[in-house]
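Heads up, the thing below is written out as structure tokens.
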Amino acid sequence: MAPIATEIQRLREEIEAHNYAYYVLSSPTISDYDFDQLLKQLERLEAEHPELITPDSPTQRVGRDRTEGFTQVAHRYPMLSLGNTYSYDDVREFYERVSRDLGGKPFTIIAELKYDGLSISLTYEKGLLIRAVTRGDGQMGDDVTANVRTIRSIPLRLRGTGYPESLEVRGEILLPFVEFDRLNAERHRADLPLFANPRNAASGTLKQLDPAIVAERRLDAYLYYVPGQPSLPDSHYERLQLCKSWGLKISEATRRCHSLEEVLSFLDYWEQARAEAPVATDGVVLKVDSITEQEELGYTAKTPRWAIAYKYQAEQAKTRLISVDFQVGRTGAVTPVANLDAVALSGTTVRRASLHNADFIEAFDLHIDDQVLVEKGGEIIPKIVGVVTEERPSDAQPVIFPSHCPACGSPLERNEGEAAYYCTNQATCPPQQTARIEHFSGRKAADIRLGAETIDLLFTHGLVRSIADLYRLKLEDLLQLPGFKERSATRLLESIEASKERPFRALLFGLGIRFVGETVAKTLVQRYANIQALGAATFEELTAIPDIGAVIAESLVHYFASPENREFIAELQRLGLPLSRRPEEEPLPTTDHAAISGKAFVISGVFTHHSREEYKALIESLGGKIASSISSKTSYVLAGANMGPAKLAKATDLGITILSEDEFLALIEPHEGEQPAASTDEADTADLPLFSNPS
Ligand code: IVH
């Protein structure tokens, strides 16, 4: 091998070994920084020698292509579910039935944790991960390979030796609790709907069309079943150990049981211990160990007769409802929160529980001093699941959802089809104002060193009532405030000044426009060079952008239609916030091509002259747009080989021009004497008098 190929191979092995230690064995062997350096070095070498890139290289986890949807794949062996039991009596019955059906001979039961995520089937051919398919209806599932490749605990290539030429393993994909909390906190800041529990979050993540987003979410996986494979050992347990030797992550919470007592003690032990698990579990799975015996016991239509799931009851506690707070958030939504007598639940002390909304309170007919049942299911925030009405004191007062904002007294209003009530006084309702300032100052937005307490202080002293006021603060003002010294005041002012240099996407995110989270802001900034251009965009223009749906577009149009918002933005610009792309955010220059500019393309199939990614960049650089699915708005379909028949039919039905690769290349061939047009960005924004000019 050429020295460079050897070096690349050595780096890959080193990186994979660290990956395995970190994600599968959970015992890191290198610092994050050093790991990143290795990865960067490999990326650099591969960029110089693209011919040496292989699909199992650690650099290839996140593919560059978005999916347009998932292909349905048939399972080689159907993915069955398990019979559920909820009592030790049921478990005893299962144990005795198995014993009877096996003619009274001794048998081994493998007890494992039941992971509460999404089941997945992985296929390795010659040790390479080639496919990952969801359970679907048990017969057919979605091919989610591109997304699953981003999961670091799933090896792209098996380790060791002796694995079958073709190996299918099944397991569960999970979002660890810490990642779930992080994701929800982020969504909360971006005013996006929260995921109810890690399972929903994992499932939402796996359905993402963009593997890059999946990679950010840091899913994990445990593998627990190898179907078929008569050449492997006749023991489920030994098969799992083999999987482990091949670098697959299996659960350590697995035990071989030789009696019912051992099974029950496993159940007892994990009832408490699972509270410490980094991922959600909802029970224990019991499996007959011998594959021969499994076959002997056989299957019912939907479930194996050799396995069963024992589900833990979600732990409940009874406690008293002391009072209800009605909290006003950044968007004005009023959230009821229960204050409870402190009570122990699943290892933590619970004092508060979310009451969700007015309907929830009404459905339970909640009264102050009620004895309520609280539960922590997969959810982190405890919820009220019942009221013991028999124990209600005779003089208990019903909980009444206010008709006016508890903070500012303005009337509350409910939007059609939404459960939440909103305070109608967006402009001067204090908690909304301070929450907006806090959001704007956040690390991912303007990054101003300003905590919630300082914001309250500035607010109550009347110094800062809006984001714009931050930019009017003076040293003398700050020095009047308790706790501020010359040094701390100067530091704050410097940090405010520095925020003027923040990327446009961060400031746009900071404005707190509904549904404009970090990712959406980034997408918008790629299209619009400044806030004027964005503010002039129509609903149709916005929805033509991939990833911008009707809800986001509607919210943007609504925001910019408000004269107050327009004045607010003009004011920010007068105060020195450019609200336009910074040099580092500039997309590659575009040169309009008459045949391509403004046209919406859908790219489908496999190409020979250029990669799909190159075509995408090419079309965009010529002023065209890329859409992810065919609709009446599509101008052209650029069709490579293997374009799906359904797509072809749809495009034909809608009368959309289908271009082959060669036809497309001929189309963009420069004609003599043609002058390229100016950049779209400038053309877009030059004559838009929407806002007064800052300068
Ligand atoms: S074995 C034929 N083992 O539970 C048996 N399943 O209700 C195949 N699950 O769809 C499944 N932890 O998603 C097995 N240790 C475990 C499991 C497990 C969670 C899930 C799996 C399955 C569902 C059945």
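The way I read the labels, and the way they are meant: chains A, B, ... in the order of the structure tokens, residue 1 as the first residue of every chain, and ligand 1 as the first ligand shown, with later ones counted on from there.
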
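Near ligand 1, the residues found within 7 Å are Met79, Leu80, Ser81, Leu82, Gly83, Glu112, Leu113, Lys114, Tyr115, Asp116, Gly117, Leu118, Ser119, Gly171, Glu172, Tyr224, Tyr225, Val285, Thr303, Pro304, Ala307 and Ala309 of chain A (criterion computed using only C-alpha atoms and all ligand atoms).
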
Go ahead and save the residues from that selection, with C-alpha atoms, as a tab-separated table (two decimals), in the first residue's frame.
chain	number	residue	atom	x	y	z
A	79	MET	CA	-40.33	-8.18	13.59
A	80	LEU	CA	-42.68	-9.49	16.24
A	81	SER	CA	-43.79	-7.85	19.44
A	82	LEU	CA	-43.82	-9.44	22.87
A	83	GLY	CA	-46.66	-10.51	25.13
A	112	GLU	CA	-32.75	-8.42	30.06
A	113	LEU	CA	-33.90	-4.87	30.51
A	114	LYS	CA	-36.70	-3.79	28.23
A	115	TYR	CA	-35.57	-0.63	26.51
A	116	ASP	CA	-38.21	1.95	25.71
A	117	GLY	CA	-37.19	3.32	22.35
A	118	LEU	CA	-37.67	2.26	18.74
A	119	SER	CA	-36.81	-1.17	17.46
A	171	GLY	CA	-32.09	-3.77	18.99
A	172	GLU	CA	-33.46	-0.52	20.26
A	224	TYR	CA	-30.58	-7.67	21.92
A	225	TYR	CA	-31.54	-10.24	19.30
A	285	VAL	CA	-37.75	-9.12	28.79
A	303	THR	CA	-45.54	-12.92	19.49
A	304	PRO	CA	-42.98	-15.59	20.27
A	307	ALA	CA	-40.33	-14.76	25.42
A	309	ALA	CA	-42.17	-8.72	28.60

For segment 199-204 of chain A, please output as a list in words all residues within 9 Å (counting only C-alpha atoms; exclusion window: fewer than 4 positions along the same chain). Asp116, Gly117, Leu118, Ile173, Leu174, Leu175, Phe180, Leu183, Asn184, Leu194, Phe195, Gln208, Arg217, Leu219, Ala280 and Gly378 of chain A

Restricted to N, CA and C atoms, what would the selected residues look like written as an mmCIF file, in the first residue's frame?
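Result file follows (result-v6.cif):
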data_model
loop_
_atom_site.group_PDB
_atom_site.id
_atom_site.type_symbol
_atom_site.label_atom_id
_atom_site.label_comp_id
_atom_site.auth_asym_id
_atom_site.auth_seq_id
_atom_site.Cartn_x
_atom_site.Cartn_y
_atom_site.Cartn_z
ATOM 1 N N ASP A 116 -37.015 1.270 26.204
ATOM 2 C CA ASP A 116 -38.210 1.952 25.712
ATOM 3 C C ASP A 116 -37.824 2.970 24.637
ATOM 4 N N GLY A 117 -37.554 2.437 23.461
ATOM 5 C CA GLY A 117 -37.187 3.319 22.351
ATOM 6 C C GLY A 117 -37.877 2.836 21.096
ATOM 7 N N LEU A 118 -37.104 2.746 20.006
ATOM 8 C CA LEU A 118 -37.674 2.262 18.744
ATOM 9 C C LEU A 118 -36.902 1.049 18.298
ATOM 10 N N ILE A 173 -33.233 1.745 19.471
ATOM 11 C CA ILE A 173 -32.587 3.057 19.376
ATOM 12 C C ILE A 173 -33.203 3.959 20.417
ATOM 13 N N LEU A 174 -32.340 4.668 21.130
ATOM 14 C CA LEU A 174 -32.808 5.454 22.272
ATOM 15 C C LEU A 174 -32.167 6.828 22.281
ATOM 16 N N LEU A 175 -32.859 7.778 22.864
ATOM 17 C CA LEU A 175 -32.238 9.074 23.121
ATOM 18 C C LEU A 175 -31.953 9.128 24.621
ATOM 19 N N PHE A 180 -31.978 14.129 25.815
ATOM 20 C CA PHE A 180 -33.398 14.507 25.764
ATOM 21 C C PHE A 180 -33.601 15.857 26.453
ATOM 22 N N LEU A 183 -32.051 18.626 24.353
ATOM 23 C CA LEU A 183 -32.855 18.905 23.164
ATOM 24 C C LEU A 183 -34.106 19.703 23.528
ATOM 25 N N ASN A 184 -34.787 19.284 24.596
ATOM 26 C CA ASN A 184 -36.010 19.984 24.974
ATOM 27 C C ASN A 184 -35.712 21.402 25.461
ATOM 28 N N LEU A 194 -42.348 20.857 22.729
ATOM 29 C CA LEU A 194 -41.420 19.948 23.394
ATOM 30 C C LEU A 194 -41.812 18.503 23.102
ATOM 31 N N PHE A 195 -40.809 17.610 23.125
ATOM 32 C CA PHE A 195 -41.083 16.189 23.019
ATOM 33 C C PHE A 195 -41.564 15.700 24.376
ATOM 34 N N GLN A 208 -36.189 12.255 10.720
ATOM 35 C CA GLN A 208 -35.627 13.442 10.084
ATOM 36 C C GLN A 208 -35.076 13.092 8.702
ATOM 37 N N ARG A 217 -28.221 15.036 17.435
ATOM 38 C CA ARG A 217 -29.073 14.626 18.559
ATOM 39 C C ARG A 217 -28.476 13.509 19.408
ATOM 40 N N LEU A 219 -28.131 9.999 19.358
ATOM 41 C CA LEU A 219 -28.885 8.806 19.730
ATOM 42 C C LEU A 219 -27.933 7.712 20.188
ATOM 43 N N ALA A 280 -34.245 5.301 28.853
ATOM 44 C CA ALA A 280 -35.537 4.868 29.373
ATOM 45 C C ALA A 280 -35.721 3.359 29.252
ATOM 46 N N GLY A 378 -42.088 7.930 31.239
ATOM 47 C CA GLY A 378 -40.897 8.209 30.465
ATOM 48 C C GLY A 378 -40.558 9.692 30.615
#

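Each of A:Ala537, A:Ala190, A:Val372, A:Ala333 was checked against Gly442 of chain A using only C-alpha atoms; the smallest atom-to-atom distance is that of A:Ala190.
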
Under the rule that only C-alpha atoms are counted, which of A:Glu165, A:Asp142, A:Asp268, A:Glu413 is the nearest residue to Tyr88 of chain A? A:Asp268

Looking only at the backbone, which of the residues in segment 246-445 of chain A does DSSP tag as strand (DSSP E or B), as a PyMOL selection string? chain A and resi 250+254-257+281-288+290+299+304+307-311+316-328+333-345+348-354+367+371-375+383-387+398+404+411-414+421-423

Quick one: residues within 10 Å of Leu52 of chain A, only C-alpha atoms, excluding same-chain residues fewer than 6 positions away - as JSON, numbers by chain? {"A": [4, 5, 8, 9, 45, 46]}

Within 10 Å of Tyr471 of chain A, counting only C-alpha atoms, which residues show up once you throw out same-chain ones fewer than 6 positions away? Write them as an MDAnalysis selection string, please. chainID A and resid 464 493 496:497 499:500 572 575:577

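For segment 397-464 of chain A, backbone-based DSSP labels the following residues as helix (DSSP H, G or I): Pro430, Pro431, Gln432, Gln433, Thr434, Ala435, Arg436, Ile437, Glu438, His439, Phe440, Ser441, Ala452, Glu453, Thr454, Ile455, Asp456, Leu457, Leu458, Phe459 and Thr460 of chain A.
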
Phe607 of chain A surroundings by only C-alpha atoms, 7 Å radius, close-in-sequence under 4 positions cut, as an mmCIF file with N, CA, C and O atoms, in the first residue's frame:
data_model
loop_
_atom_site.group_PDB
_atom_site.id
_atom_site.type_symbol
_atom_site.label_atom_id
_atom_site.label_comp_id
_atom_site.auth_asym_id
_atom_site.auth_seq_id
_atom_site.Cartn_x
_atom_site.Cartn_y
_atom_site.Cartn_z
ATOM 1 N N SER A 611 -21.817 14.331 -8.825
ATOM 2 C CA SER A 611 -22.599 13.773 -7.727
ATOM 3 C C SER A 611 -23.868 14.602 -7.567
ATOM 4 O O SER A 611 -23.965 15.719 -8.061
ATOM 5 N N ARG A 612 -24.803 14.057 -6.854
ATOM 6 C CA ARG A 612 -26.049 14.763 -6.568
ATOM 7 C C ARG A 612 -25.756 16.091 -5.850
ATOM 8 O O ARG A 612 -26.346 17.129 -6.132
ATOM 9 N N GLY A 640 -31.762 11.171 -12.633
ATOM 10 C CA GLY A 640 -30.655 10.273 -12.922
ATOM 11 C C GLY A 640 -31.215 8.879 -13.141
ATOM 12 O O GLY A 640 -32.420 8.698 -13.306
ATOM 13 N N ALA A 641 -30.313 7.894 -13.114
ATOM 14 C CA ALA A 641 -30.775 6.515 -13.242
ATOM 15 C C ALA A 641 -31.531 6.142 -11.968
ATOM 16 O O ALA A 641 -31.340 6.758 -10.923
#

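Counting only C-alpha atoms, Ala529 of chain A has the following residues at most 7 Å away, ignoring those fewer than 4 positions along the same chain: Val525, Ala533, Ser580, Arg581 and Asp681 of chain A.
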
Please write the residues from the selection above to a file, keeping N, CA and C atoms, as a PDB file, in the first residue's frame.
ATOM      1  N   VAL A 525     -30.984  32.665   6.654  1.00  0.00           N
ATOM      2  CA  VAL A 525     -29.848  33.554   6.379  1.00  0.00           C
ATOM      3  C   VAL A 525     -29.094  33.110   5.119  1.00  0.00           C
ATOM      4  N   ALA A 533     -34.628  42.008   3.268  1.00  0.00           N
ATOM      5  CA  ALA A 533     -34.977  41.020   2.253  1.00  0.00           C
ATOM      6  C   ALA A 533     -35.892  39.952   2.839  1.00  0.00           C
ATOM      7  N   SER A 580     -27.694  41.931   9.173  1.00  0.00           N
ATOM      8  CA  SER A 580     -27.427  41.440   7.828  1.00  0.00           C
ATOM      9  C   SER A 580     -26.246  40.473   7.918  1.00  0.00           C
ATOM     10  N   ARG A 581     -26.112  39.665   6.879  1.00  0.00           N
ATOM     11  CA  ARG A 581     -25.085  38.640   6.869  1.00  0.00           C
ATOM     12  C   ARG A 581     -23.705  39.201   7.137  1.00  0.00           C
ATOM     13  N   ASP A 681     -28.873  38.121  -4.478  1.00  0.00           N
ATOM     14  CA  ASP A 681     -29.052  38.802  -3.199  1.00  0.00           C
ATOM     15  C   ASP A 681     -29.215  40.289  -3.392  1.00  0.00           C
TER      16      ASP A 681
END

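Within the 10 Å cut-off around Gln41 of chain A, using only C-alpha atoms and omitting residues fewer than 6 positions from it on the same chain, the listed residues are Ile8, Leu11, Phe35 and Ala47 of chain A.
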
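For the pair atom CA of Ile151 of chain A and atom CA of Gly138 of chain A, the separation is 22.7 Å.
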
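Here the question is which of A:Tyr22, A:Lys105, A:Thr608, A:Leu192 gets nearest to Asp220 of chain A using only C-alpha atoms, and that residue is A:Tyr22.
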